[in-house]
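Structure file query.csv (CSV, C-alpha atoms) is printed below.
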chain,number,residue,atom,x,y,z
I,264,MET,CA,0.0,0.0,0.0
I,265,LYS,CA,2.8,2.3,0.8
I,266,LEU,CA,4.5,1.9,-2.6
I,267,PRO,CA,1.5,3.1,-4.7
I,268,MET,CA,1.0,6.1,-2.5
I,269,ALA,CA,4.7,7.0,-2.9
I,270,LEU,CA,4.4,6.7,-6.7
I,271,LEU,CA,1.2,8.9,-6.7
I,272,SER,CA,2.9,11.6,-4.6
I,273,LEU,CA,5.8,11.6,-7.0
I,274,VAL,CA,3.5,12.3,-9.9
I,275,LEU,CA,1.5,15.0,-8.1
I,276,LEU,CA,4.6,16.7,-6.8
I,277,ALA,CA,6.5,16.6,-10.1
I,278,PRO,CA,7.6,20.0,-11.4
I,279,TRP,CA,5.0,21.9,-13.4
I,280,PRO,CA,7.1,22.4,-16.6
I,281,ALA,CA,7.4,18.7,-17.1
I,282,MET,CA,3.6,18.4,-17.3
I,283,GLN,CA,3.4,20.8,-20.3
I,284,ALA,CA,2.5,19.3,-23.7
I,285,ARG,CA,5.5,19.0,-25.9
I,286,VAL,CA,5.6,19.1,-29.7
I,287,ARG,CA,8.6,17.9,-31.6
I,288,LEU,CA,8.5,18.8,-35.3
I,289,GLY,CA,10.8,17.7,-38.0
I,290,GLY,CA,13.5,15.2,-38.3
I,291,VAL,CA,15.7,14.5,-41.3
I,292,ALA,CA,16.5,11.0,-42.5
I,293,VAL,CA,19.3,10.6,-44.9
I,294,GLY,CA,19.0,7.8,-47.5
I,295,ALA,CA,17.9,6.9,-51.0
I,296,SER,CA,14.5,6.0,-52.4
I,297,TYR,CA,13.0,4.9,-55.6
I,298,SER,CA,9.7,6.0,-57.1
I,299,TYR,CA,7.9,3.5,-59.4
I,300,TRP,CA,5.5,6.1,-60.8
I,301,GLY,CA,6.7,9.1,-62.7
I,302,TYR,CA,5.5,12.7,-62.3
I,303,TYR,CA,1.7,12.8,-61.8
I,304,SER,CA,-0.6,15.8,-62.0
I,305,PRO,CA,-4.3,15.6,-61.5
I,306,TRP,CA,-4.9,18.0,-64.3
I,307,TYR,CA,-2.9,16.0,-66.8
I,308,TYR,CA,-4.7,13.3,-68.7
I,309,ASP,CA,-2.9,10.7,-70.6
I,310,PRO,CA,-5.0,7.9,-72.1
I,311,PHE,CA,-1.9,5.7,-72.4
I,312,LEU,CA,-0.8,6.1,-68.8
I,313,PHE,CA,-1.6,2.7,-67.6
I,314,TYR,CA,-0.4,-0.8,-68.4
I,315,PRO,CA,-0.3,-2.4,-71.0
I,316,PHE,CA,0.4,0.8,-73.1
I,317,TYR,CA,3.6,1.7,-71.3
I,318,ALA,CA,6.0,-0.9,-69.9
I,319,PRO,CA,6.8,-0.7,-66.2
I,320,GLY,CA,10.0,1.3,-66.0
I,321,TYR,CA,9.1,3.6,-68.9
I,322,TYR,CA,9.0,6.6,-66.7
I,323,THR,CA,12.1,5.8,-64.8
I,324,GLY,CA,14.1,5.1,-67.9
I,325,PHE,CA,14.7,1.5,-66.8
I,326,ALA,CA,17.1,2.6,-64.1
I,327,TYR,CA,19.3,0.3,-62.1
I,328,GLN,CA,18.0,-1.3,-58.9
I,329,PRO,CA,19.5,-4.1,-56.9
I,330,ASN,CA,18.7,-7.6,-58.1
I,331,MET,CA,18.0,-6.5,-61.6
I,332,GLY,CA,19.6,-7.6,-64.9
I,333,ALA,CA,20.8,-5.5,-67.8
I,334,VAL,CA,19.7,-5.8,-71.4
I,335,LYS,CA,21.9,-4.1,-74.0
I,336,LEU,CA,20.2,-3.5,-77.3
I,337,GLN,CA,22.5,-3.5,-80.2
I,338,THR,CA,20.6,-2.4,-83.3
I,339,VAL,CA,21.3,-0.2,-86.2
I,340,ASP,CA,17.6,0.8,-86.4
I,341,LYS,CA,17.8,3.7,-84.0
I,342,ASP,CA,14.2,4.9,-84.8
I,343,ALA,CA,12.6,1.6,-84.0
I,344,LEU,CA,10.1,1.5,-81.1
I,345,VAL,CA,10.8,-1.1,-78.4
I,346,TYR,CA,8.0,-3.1,-76.8
I,347,LEU,CA,8.3,-5.4,-73.8
I,348,ASP,CA,5.4,-7.9,-73.5
I,349,GLY,CA,3.4,-5.8,-75.8
I,350,ALA,CA,3.8,-2.6,-73.8
I,351,LEU,CA,5.8,0.4,-75.2
I,352,ALA,CA,9.3,0.7,-73.6
I,353,GLY,CA,10.6,3.6,-75.7
I,354,ARG,CA,12.8,4.3,-78.8
I,355,ALA,CA,15.7,2.1,-79.5
I,356,ASP,CA,18.2,5.0,-79.5
I,357,LYS,CA,17.1,5.9,-75.9
I,358,LEU,CA,17.2,2.3,-74.7
I,359,LYS,CA,20.7,1.2,-75.3
I,360,GLN,CA,20.7,-0.3,-71.8
I,361,MET,CA,17.6,-1.4,-69.8
I,362,TRP,CA,17.6,-2.7,-66.2
I,363,LEU,CA,14.8,-5.3,-65.8
I,364,ASN,CA,13.6,-7.6,-63.1
I,365,PRO,CA,14.5,-11.2,-63.6
I,366,GLY,CA,12.1,-13.0,-65.9
I,367,ALA,CA,11.2,-13.9,-69.4
I,368,TYR,CA,10.0,-11.1,-71.7
I,369,GLU,CA,8.7,-10.9,-75.2
I,370,LEU,CA,11.0,-8.2,-76.8
I,371,GLU,CA,9.6,-6.6,-80.0
I,372,LEU,CA,11.1,-3.9,-82.2
I,373,ARG,CA,8.9,-2.1,-84.7
I,374,ASN,CA,9.8,0.3,-87.4
I,375,GLY,CA,7.0,0.7,-90.0
I,376,ASP,CA,6.5,-2.6,-91.7
I,377,ARG,CA,9.7,-4.1,-90.3
I,378,ARG,CA,9.6,-6.0,-87.0
I,379,SER,CA,11.6,-8.3,-84.9
I,380,THR,CA,10.2,-10.4,-82.1
I,381,GLN,CA,12.1,-12.6,-79.7
I,382,LYS,CA,11.9,-14.0,-76.2
I,383,ILE,CA,14.6,-12.8,-73.8
I,384,TYR,CA,15.5,-14.2,-70.4
I,385,VAL,CA,16.8,-11.7,-67.9
I,386,LEU,CA,18.8,-12.8,-64.8
I,387,SER,CA,19.8,-10.6,-61.9
I,388,GLY,CA,23.4,-9.2,-62.0
I,389,LYS,CA,23.9,-10.4,-65.6
I,390,THR,CA,24.1,-8.5,-68.8
I,391,LEU,CA,22.2,-9.8,-71.9
I,392,ARG,CA,23.3,-8.5,-75.3
I,393,VAL,CA,20.5,-8.6,-77.8
I,394,THR,CA,21.0,-7.9,-81.5
I,395,PRO,CA,17.6,-7.8,-83.1
I,396,GLN,CA,17.3,-8.1,-86.9
I,397,LEU,CA,14.2,-6.3,-88.2
I,398,MET,CA,12.5,-8.1,-91.1
I,399,GLU,CA,9.7,-6.8,-93.3
I,400,VAL,CA,6.3,-8.1,-92.4
I,401,ARG,CA,3.7,-8.1,-95.1
I,402,PRO,CA,0.0,-8.3,-94.0
M,172,MET,CA,-8.5,-23.4,-85.2
M,173,LYS,CA,-8.6,-23.5,-81.4
M,174,ARG,CA,-10.7,-26.6,-81.5
M,175,ALA,CA,-8.2,-28.3,-83.8
M,176,VAL,CA,-5.3,-27.4,-81.4
M,177,LEU,CA,-7.3,-28.8,-78.5
M,178,LEU,CA,-8.0,-32.0,-80.3
M,179,LEU,CA,-4.3,-32.4,-81.2
M,180,TYR,CA,-3.4,-31.9,-77.5
M,181,ALA,CA,-6.0,-34.4,-76.5
M,182,ALA,CA,-4.6,-36.9,-79.0
M,183,GLY,CA,-1.2,-36.3,-77.6
M,184,MET,CA,0.2,-35.3,-80.9
M,185,LEU,CA,1.8,-32.1,-79.7
M,186,PRO,CA,4.8,-31.8,-77.3
M,187,ALA,CA,3.8,-31.8,-73.7
M,188,PHE,CA,6.1,-28.9,-72.8
M,189,GLY,CA,9.0,-27.0,-74.3
M,190,ALA,CA,8.7,-25.5,-77.8
M,191,GLY,CA,12.2,-26.6,-78.8
M,192,ILE,CA,13.9,-25.1,-81.8
M,193,ARG,CA,13.4,-25.4,-85.5
M,194,PRO,CA,14.9,-28.6,-86.9
M,195,ARG,CA,17.4,-28.3,-89.7
M,196,ASP,CA,16.2,-29.3,-93.2
M,197,SER,CA,17.5,-32.8,-92.9
M,198,ALA,CA,19.4,-35.0,-90.5
M,199,ALA,CA,22.3,-34.9,-92.8
M,200,ASP,CA,22.8,-31.2,-91.9
M,201,TYR,CA,24.0,-32.3,-88.4
M,202,PRO,CA,27.6,-33.4,-87.9
M,203,ALA,CA,26.3,-36.8,-86.7
M,204,HIS,CA,23.2,-38.6,-87.7
M,205,GLU,CA,22.0,-42.2,-87.6
M,206,SER,CA,18.8,-44.1,-88.3
M,207,ALA,CA,17.2,-47.2,-86.8
M,208,GLY,CA,13.7,-48.5,-86.3
M,209,GLY,CA,12.1,-45.8,-88.5
M,210,VAL,CA,13.7,-42.9,-86.5
M,211,THR,CA,16.6,-40.7,-87.6
M,212,VAL,CA,18.5,-38.8,-84.9
M,213,GLY,CA,20.8,-35.9,-85.8
M,214,ALA,CA,23.1,-34.2,-83.2
M,215,ALA,CA,25.7,-31.6,-82.8
M,216,VAL,CA,27.7,-30.5,-79.8
M,217,ILE,CA,27.4,-26.7,-79.2
M,218,PRO,CA,30.7,-25.0,-78.5
M,219,PRO,CA,30.9,-23.2,-75.1
M,220,ALA,CA,31.4,-19.8,-76.8
M,221,GLN,CA,28.1,-20.3,-78.7
M,222,VAL,CA,26.4,-21.6,-75.6
M,223,ARG,CA,27.3,-18.3,-73.9
M,224,LYS,CA,25.5,-16.4,-76.7
M,225,LEU,CA,22.5,-18.7,-76.9
M,226,PHE,CA,21.6,-18.9,-73.2
M,227,ALA,CA,21.3,-16.4,-70.5
M,228,THR,CA,21.8,-19.3,-68.1
M,229,ASP,CA,25.5,-19.9,-67.5
M,230,LEU,CA,25.7,-23.6,-68.4
M,231,ASN,CA,29.5,-23.5,-69.0
M,232,ALA,CA,30.2,-22.5,-65.4
M,233,GLY,CA,27.7,-25.1,-64.2
M,234,GLY,CA,29.7,-27.8,-65.9
M,235,TYR,CA,27.2,-28.8,-68.6
M,236,ILE,CA,27.6,-29.8,-72.2
M,237,VAL,CA,24.9,-28.7,-74.6
M,238,LEU,CA,23.8,-30.9,-77.6
M,239,GLU,CA,21.5,-29.8,-80.4
M,240,VAL,CA,19.4,-32.9,-81.1
M,241,ALA,CA,16.8,-33.4,-83.8
M,242,VAL,CA,14.5,-36.4,-84.2
M,243,TYR,CA,13.0,-37.2,-87.6
M,244,SER,CA,10.3,-39.8,-88.0
M,245,ASP,CA,10.5,-41.8,-91.2
M,246,ALA,CA,7.1,-42.3,-92.8
M,247,ARG,CA,5.4,-40.1,-90.2
M,248,LYS,CA,5.6,-42.9,-87.6
M,249,GLU,CA,4.5,-41.8,-84.1
M,250,ILE,CA,7.4,-41.3,-81.7
M,251,ASP,CA,7.1,-40.9,-77.9
M,252,LEU,CA,10.0,-38.5,-77.0
M,253,SER,CA,11.5,-37.7,-73.6
M,254,PRO,CA,14.8,-36.1,-72.9
M,255,GLY,CA,15.4,-38.8,-70.4
M,256,ASP,CA,15.6,-41.3,-73.3
M,257,PHE,CA,19.1,-39.9,-74.2
M,258,LEU,CA,22.4,-41.0,-72.7
M,259,LEU,CA,25.8,-39.5,-73.4
M,260,ARG,CA,29.1,-41.1,-72.9
M,261,SER,CA,32.6,-39.8,-73.6
M,262,THR,CA,34.7,-42.3,-75.5
M,263,ALA,CA,37.6,-41.5,-73.3
M,264,GLY,CA,35.8,-42.2,-70.1
M,265,ALA,CA,33.6,-45.0,-69.0
M,266,GLU,CA,30.9,-42.9,-67.2
M,267,THR,CA,27.5,-42.4,-68.8
M,268,ALA,CA,25.3,-39.4,-68.2
M,269,ARG,CA,21.5,-38.9,-68.7
M,270,ALA,CA,20.2,-35.6,-69.9
M,271,ALA,CA,19.5,-33.3,-67.0
M,272,SER,CA,16.1,-31.5,-66.6
M,273,GLY,CA,15.8,-27.7,-66.7
M,274,SER,CA,14.5,-27.6,-63.2
M,275,ALA,CA,17.5,-29.6,-61.8
M,276,ILE,CA,20.0,-27.4,-63.6
M,277,ALA,CA,18.3,-24.2,-62.5
M,278,ALA,CA,18.2,-25.3,-58.9
M,279,ALA,CA,21.8,-26.3,-58.9
M,280,LEU,CA,23.0,-23.0,-60.5
M,281,GLN,CA,20.8,-20.8,-58.3
M,282,SER,CA,21.9,-22.5,-55.1
M,283,LYS,CA,25.6,-21.8,-56.0
M,284,ASN,CA,24.9,-18.0,-55.9
M,285,ALA,CA,22.1,-17.9,-53.3
M,286,PRO,CA,22.8,-15.7,-50.3
M,287,GLN,CA,24.8,-17.5,-47.6
M,288,PRO,CA,24.1,-17.0,-43.9
M,289,GLY,CA,26.4,-14.4,-42.5
M,290,LYS,CA,29.4,-15.4,-40.4
M,291,SER,CA,29.0,-14.6,-36.7
M,292,ARG,CA,32.1,-12.3,-36.9
M,293,ASP,CA,30.6,-10.1,-39.7
M,294,VAL,CA,29.7,-6.7,-38.3
M,295,SER,CA,27.7,-4.1,-40.1
M,296,VAL,CA,27.7,-0.4,-39.0
M,297,TYR,CA,24.8,1.9,-39.9
M,298,PRO,CA,25.5,5.6,-39.1
M,299,THR,CA,22.3,7.8,-38.6
M,300,ALA,CA,21.8,11.5,-38.4
M,301,THR,CA,18.8,13.5,-37.1
M,302,VAL,CA,17.9,17.2,-37.5
M,303,GLY,CA,14.6,18.7,-36.3
M,304,TYR,CA,12.8,21.6,-34.7
M,305,GLU,CA,11.3,21.5,-31.3
M,306,SER,CA,8.7,23.8,-29.7
M,307,GLY,CA,7.1,23.8,-26.3
M,308,GLY,CA,8.0,22.3,-23.0
M,309,TYR,CA,10.4,23.5,-20.3
M,310,ASP,CA,13.9,22.6,-19.5
M,311,PRO,CA,13.7,20.8,-16.1
M,312,VAL,CA,17.2,22.2,-15.2
M,313,THR,CA,17.0,25.8,-16.2
M,314,GLY,CA,13.2,26.2,-16.2
M,315,GLN,CA,13.5,28.0,-19.6
M,316,ARG,CA,11.0,27.4,-22.3
M,317,ARG,CA,12.6,25.1,-24.9
M,318,ARG,CA,12.5,25.9,-28.6
M,319,GLY,CA,14.9,25.5,-31.5
M,320,VAL,CA,16.7,23.1,-33.7
M,321,TYR,CA,17.9,19.9,-32.3
M,322,THR,CA,20.4,17.5,-33.8
M,323,GLY,CA,21.5,14.0,-33.1
M,324,VAL,CA,23.8,11.3,-34.4
M,325,GLY,CA,24.0,7.6,-33.7
M,326,VAL,CA,25.4,4.4,-34.9
M,327,GLY,CA,23.6,1.1,-35.3
M,328,VAL,CA,25.6,-2.1,-35.2
M,329,GLY,CA,24.4,-5.4,-36.6
M,330,VAL,CA,26.2,-8.7,-36.2
M,331,GLY,CA,25.8,-11.7,-38.6
M,332,GLN,CA,24.2,-9.8,-41.6
M,333,PRO,CA,23.3,-12.2,-44.4
M,334,GLN,CA,25.2,-11.7,-47.7
M,335,PRO,CA,23.4,-10.3,-50.7
M,336,PRO,CA,22.7,-12.9,-53.5
M,337,GLY,CA,25.2,-13.2,-56.3
M,338,PRO,CA,24.3,-13.0,-60.0
M,339,ALA,CA,21.4,-15.2,-60.8
M,340,GLY,CA,21.0,-16.2,-57.2
M,341,THR,CA,17.4,-15.2,-56.4
M,342,ASP,CA,14.3,-17.4,-56.6
M,343,ARG,CA,13.0,-15.5,-59.6
M,344,ASP,CA,16.3,-16.3,-61.3
M,345,ARG,CA,15.8,-20.0,-60.7
M,346,THR,CA,12.3,-19.8,-62.3
M,347,THR,CA,13.6,-17.8,-65.3
M,348,MET,CA,16.5,-20.2,-65.9
M,349,GLN,CA,14.2,-23.2,-65.6
M,350,GLN,CA,11.8,-21.6,-68.1
M,351,GLU,CA,14.6,-20.8,-70.6
M,352,LEU,CA,16.1,-24.3,-70.4
M,353,GLU,CA,12.7,-25.9,-70.8
M,354,ASP,CA,11.6,-23.6,-73.6
M,355,LYS,CA,14.7,-24.5,-75.6
M,356,SER,CA,15.0,-28.2,-74.7
M,357,LEU,CA,14.0,-31.0,-77.0
M,358,PRO,CA,10.1,-31.2,-76.7
M,359,ALA,CA,8.7,-34.2,-74.8
M,360,GLY,CA,5.6,-36.1,-75.9
M,361,LYS,CA,4.2,-37.9,-78.9
M,362,THR,CA,4.9,-36.6,-82.4
M,363,THR,CA,4.9,-37.6,-86.0
M,364,SER,CA,6.9,-34.7,-87.4
M,365,ALA,CA,10.5,-33.6,-87.0
M,366,VAL,CA,11.4,-31.9,-83.7
M,367,ALA,CA,14.6,-30.4,-82.4
M,368,GLY,CA,15.9,-28.9,-79.2
M,369,TYR,CA,18.8,-28.8,-76.9
M,370,LEU,CA,19.8,-31.4,-74.4
M,371,TYR,CA,21.9,-30.6,-71.3
M,372,PHE,CA,24.3,-33.2,-70.0
M,373,PRO,CA,26.8,-33.0,-67.1
M,374,LYS,CA,30.2,-32.8,-68.7
M,375,PRO,CA,31.7,-36.3,-68.8
M,376,SER,CA,35.3,-36.5,-67.6
M,377,GLY,CA,38.0,-36.8,-70.2
M,378,LYS,CA,39.7,-34.5,-72.7
M,379,ALA,CA,37.7,-31.8,-74.4
M,380,ARG,CA,38.7,-33.1,-77.8
M,381,ASP,CA,36.9,-36.4,-77.3
M,382,VAL,CA,34.2,-37.9,-79.4
M,383,TYR,CA,30.9,-38.3,-77.6
M,384,GLU,CA,28.6,-41.3,-78.0
M,385,LEU,CA,24.9,-40.4,-77.8
M,386,THR,CA,22.3,-43.1,-77.5
M,387,TYR,CA,18.6,-42.8,-77.9
M,388,TYR,CA,16.5,-45.4,-76.2
M,389,GLY,CA,13.1,-44.9,-77.9
M,390,ASN,CA,9.9,-46.8,-78.1
M,391,THR,CA,10.8,-47.7,-81.7
M,392,GLY,CA,14.3,-48.9,-81.0
M,393,GLN,CA,17.8,-47.8,-80.1
M,394,VAL,CA,19.9,-45.3,-82.1
M,395,ARG,CA,23.6,-44.8,-81.3
M,396,LEU,CA,25.6,-42.1,-82.9
M,397,ARG,CA,29.1,-40.7,-82.4
M,398,VAL,CA,29.1,-36.9,-82.1
M,399,PRO,CA,32.5,-35.2,-82.6
M,400,ALA,CA,33.4,-32.5,-80.0
M,401,PRO,CA,33.4,-29.0,-81.5
M,402,ALA,CA,36.6,-27.5,-82.9
M,403,LYS,CA,37.9,-24.8,-80.6
Output the structure of this file as structure tokens.
Amino acid sequence: MKLPMALLSLVLLAPWPAMQARVRLGGVAVGASYSYWGYYSPWYYDPFLFYPFYAPGYYTGFAYQPNMGAVKLQTVDKDALVYLDGALAGRADKLKQMWLNPGAYELELRNGDRRSTQKIYVLSGKTLRVTPQLMEVRP
Amino acid sequence: MKRAVLLLYAAGMLPAFGAGIRPRDSAADYPAHESAGGVTVGAAVIPPAQVRKLFATDLNAGGYIVLEVAVYSDARKEIDLSPGDFLLRSTAGAETARAASGSAIAAALQSKNAPQPGKSRDVSVYPTATVGYESGGYDPVTGQRRRGVYTGVGVGVGVGQPQPPGPAGTDRDRTTMQQELEDKSLPAGKTTSAVAGYLYFPKPSGKARDVYELTYYGNTGQVRLRVPAPAK
């Protein structure tokens, strides 16, 4: 019985300033982060924003992340559009190197009537060199 | 068209898995070819340099030899194929190896590079820094109202941190390697047309310049052929 009373008296007799509400604002953490989505504005409408029109990584330029594999495109057709699993990845001259998650992808290059389709297998920490040959496709 | 494909699957006329590759025009286009029991088998050893270009999976480092194998059915006879029907023997050595499955190779290669548990003496140090603004409250010592910028530094220490996975060392890599090896392997199942694909064998002991002996034990008979090792 004596102990709870002693504790209560300690609380009641504690100095007044310690009872004041205290607000701590701020705090800075140093580190790095990655954003999956690109710039977004509620006033901007893009009908091709969502998958499967743009490949994941389109907005980040297929930047490096841990546990990813590199794909090096070696093509003379710089104007060809590159598609990954049917979704636009960008233009060949801007995608000399892409970092992708490990997995199998359908890589397609299109330039007018000429196309090249092949399955690629990306492994983490490895570089895959791809040399697509665009062939004319007649309907 | 879809119905026809379904019917073909039901009849077991299409490969059960693995699309394989396009067979060459004839068995004579392979460095080694042999016929028996209405079946012709053509084979070629793929040089390690070409294996590196053809596969994302590092089969050379894993100690595997890759053979391109095609099976041609004479008079459209039905063949029941399985990669397990093929045995490889080096003429220099006595040991015989059966074709390895994609899943077994992928698991073996991934486990080599999988993250290892950290040694107990491994110590990781994480420095931290904090900057903030404080308002309100009283200093219990001076009785003054507290306000202003506060800072802090600290160090976190971890012992026994696991190592990050090496190249192709994650679970997703294992699935991808397995998919690649199965997609390109000799298709399994019943067929009446020519099929081709790669077979992966553990490298037999002996000199690299050996001649390999490939034997196919099929439902129609046995075909044995001597496949020369590729020129360096």
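Remark: for chain I, the closest of the candidate residues M:Ser253, M:Thr362, M:Asn284, M:Thr262 is M:Asn284 (distances computed over all atoms listed in the file).
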From the list M:Val328, M:Ala277, M:Met348, M:Val212, the nearest residue to chain I using only C-alpha atoms is M:Met348
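Counting from atom CA of M:Gly208, the distance to atom CA of M:Arg247 is 12.4 Å.
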Counting all atoms listed in the file, the residue among I:Glu369, I:Arg377, I:Asn330, I:Gln360 that lies closest to chain M is I:Asn330
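Reported to one decimal place, the separation of atom CA of M:Lys355 from atom CA of I:Leu386 is 16.4 Å.
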Given all atoms listed in the file, how would the per-residue table for chain M near chain I read, listing every residue at most 7 Å away with its closest atom pair and distance in Å to one decimal, sorted by chain and number, as CSV?
residue,atom,partner,partner_atom,distance
M:Ala227,CA,I:Tyr384,CA,6.2
M:Ala300,CA,I:Ala292,CA,6.7
M:Thr301,CA,I:Val291,CA,5.3
M:Val302,CA,I:Gly290,CA,4.9
M:Gly303,CA,I:Gly290,CA,4.2
M:Tyr304,CA,I:Leu288,CA,5.2
M:Glu305,CA,I:Arg287,CA,4.5
M:Ser306,CA,I:Val286,CA,5.6
M:Gly307,CA,I:Arg285,CA,5.1
M:Gly308,CA,I:Arg285,CA,5.1
M:Tyr309,CA,I:Pro280,CA,5.1
M:Pro311,CA,I:Ala281,CA,6.7
M:Pro338,CA,I:Gly388,CA,4.4
M:Ala339,CA,I:Ser387,CA,5.0
M:Arg343,CA,I:Pro365,CA,6.1
M:Asp344,CA,I:Leu386,CA,5.5
M:Thr347,CA,I:Gly366,CA,5.1
M:Glu351,CA,I:Tyr384,CA,6.7
Serialized selection, C-alpha atoms, as a PDB file, keeping the file's coordinate frame:
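The resulting file, selection-v5.pdb, is shown below:
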ATOM      1  CA  ALA M 227      21.300 -16.400 -70.500  1.00  0.00           C
ATOM      2  CA  ALA M 300      21.800  11.500 -38.400  1.00  0.00           C
ATOM      3  CA  THR M 301      18.800  13.500 -37.100  1.00  0.00           C
ATOM      4  CA  VAL M 302      17.900  17.200 -37.500  1.00  0.00           C
ATOM      5  CA  GLY M 303      14.600  18.700 -36.300  1.00  0.00           C
ATOM      6  CA  TYR M 304      12.800  21.600 -34.700  1.00  0.00           C
ATOM      7  CA  GLU M 305      11.300  21.500 -31.300  1.00  0.00           C
ATOM      8  CA  SER M 306       8.700  23.800 -29.700  1.00  0.00           C
ATOM      9  CA  GLY M 307       7.100  23.800 -26.300  1.00  0.00           C
ATOM     10  CA  GLY M 308       8.000  22.300 -23.000  1.00  0.00           C
ATOM     11  CA  TYR M 309      10.400  23.500 -20.300  1.00  0.00           C
ATOM     12  CA  PRO M 311      13.700  20.800 -16.100  1.00  0.00           C
ATOM     13  CA  PRO M 338      24.300 -13.000 -60.000  1.00  0.00           C
ATOM     14  CA  ALA M 339      21.400 -15.200 -60.800  1.00  0.00           C
ATOM     15  CA  ARG M 343      13.000 -15.500 -59.600  1.00  0.00           C
ATOM     16  CA  ASP M 344      16.300 -16.300 -61.300  1.00  0.00           C
ATOM     17  CA  THR M 347      13.600 -17.800 -65.300  1.00  0.00           C
ATOM     18  CA  GLU M 351      14.600 -20.800 -70.600  1.00  0.00           C
TER      19      GLU M 351
END
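Of the listed residues (M:Pro194, M:Leu280, M:Gln287, M:Val312), M:Leu280 comes nearest to M:Asn231; the distances count only C-alpha atoms.
Relative to atom CA of M:Ile250, atom CA of M:Gly389 is found at 7.7 Å.
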Of M:Leu252, M:Ala215, M:Ala365, M:Val222, the one nearest to M:Thr391 when counting all atoms listed in the file is M:Leu252
Write out as a CSV table (one decimal) with C-alpha atoms, keeping the file's coordinate frame each polymer residue whose atoms come within 8 Å of M:Pro202, counting only C-alpha atoms; drop sequence neighbours fewer than 6 positions from it.
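Ended up saving to around-v3.csv:
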chain,number,residue,atom,x,y,z
M,213,GLY,CA,20.8,-35.9,-85.8
M,214,ALA,CA,23.1,-34.2,-83.2
M,215,ALA,CA,25.7,-31.6,-82.8
M,398,VAL,CA,29.1,-36.9,-82.1
M,399,PRO,CA,32.5,-35.2,-82.6
When you look at I:Gln381 with a cut-off of 12 Å (counting only C-alpha atoms), what residues show up, excluding the ones that are within fewer than 2 positions of it in the same chain? I need them as a list in words.
Val345, Tyr346, Leu347, Asp348, Gly349, Ala367, Tyr368, Glu369, Leu370, Glu371, Leu372, Arg378, Ser379, Ile383, Tyr384, Val393, Thr394, Pro395, Gln396 and Leu397 of chain I
Nearby residues (all atoms listed in the file) at most 9 Å from M:Ser274, same-chain spacing under 5 positions excluded, as a ChimeraX atom specification
/M:279,345-346,348-350,352-353
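The shortest atom-to-atom distance to M:Gly234, with all atoms listed in the file taken into account, belongs to M:Phe372 out of M:Phe372, M:Tyr387, M:Ala400, M:Val210.
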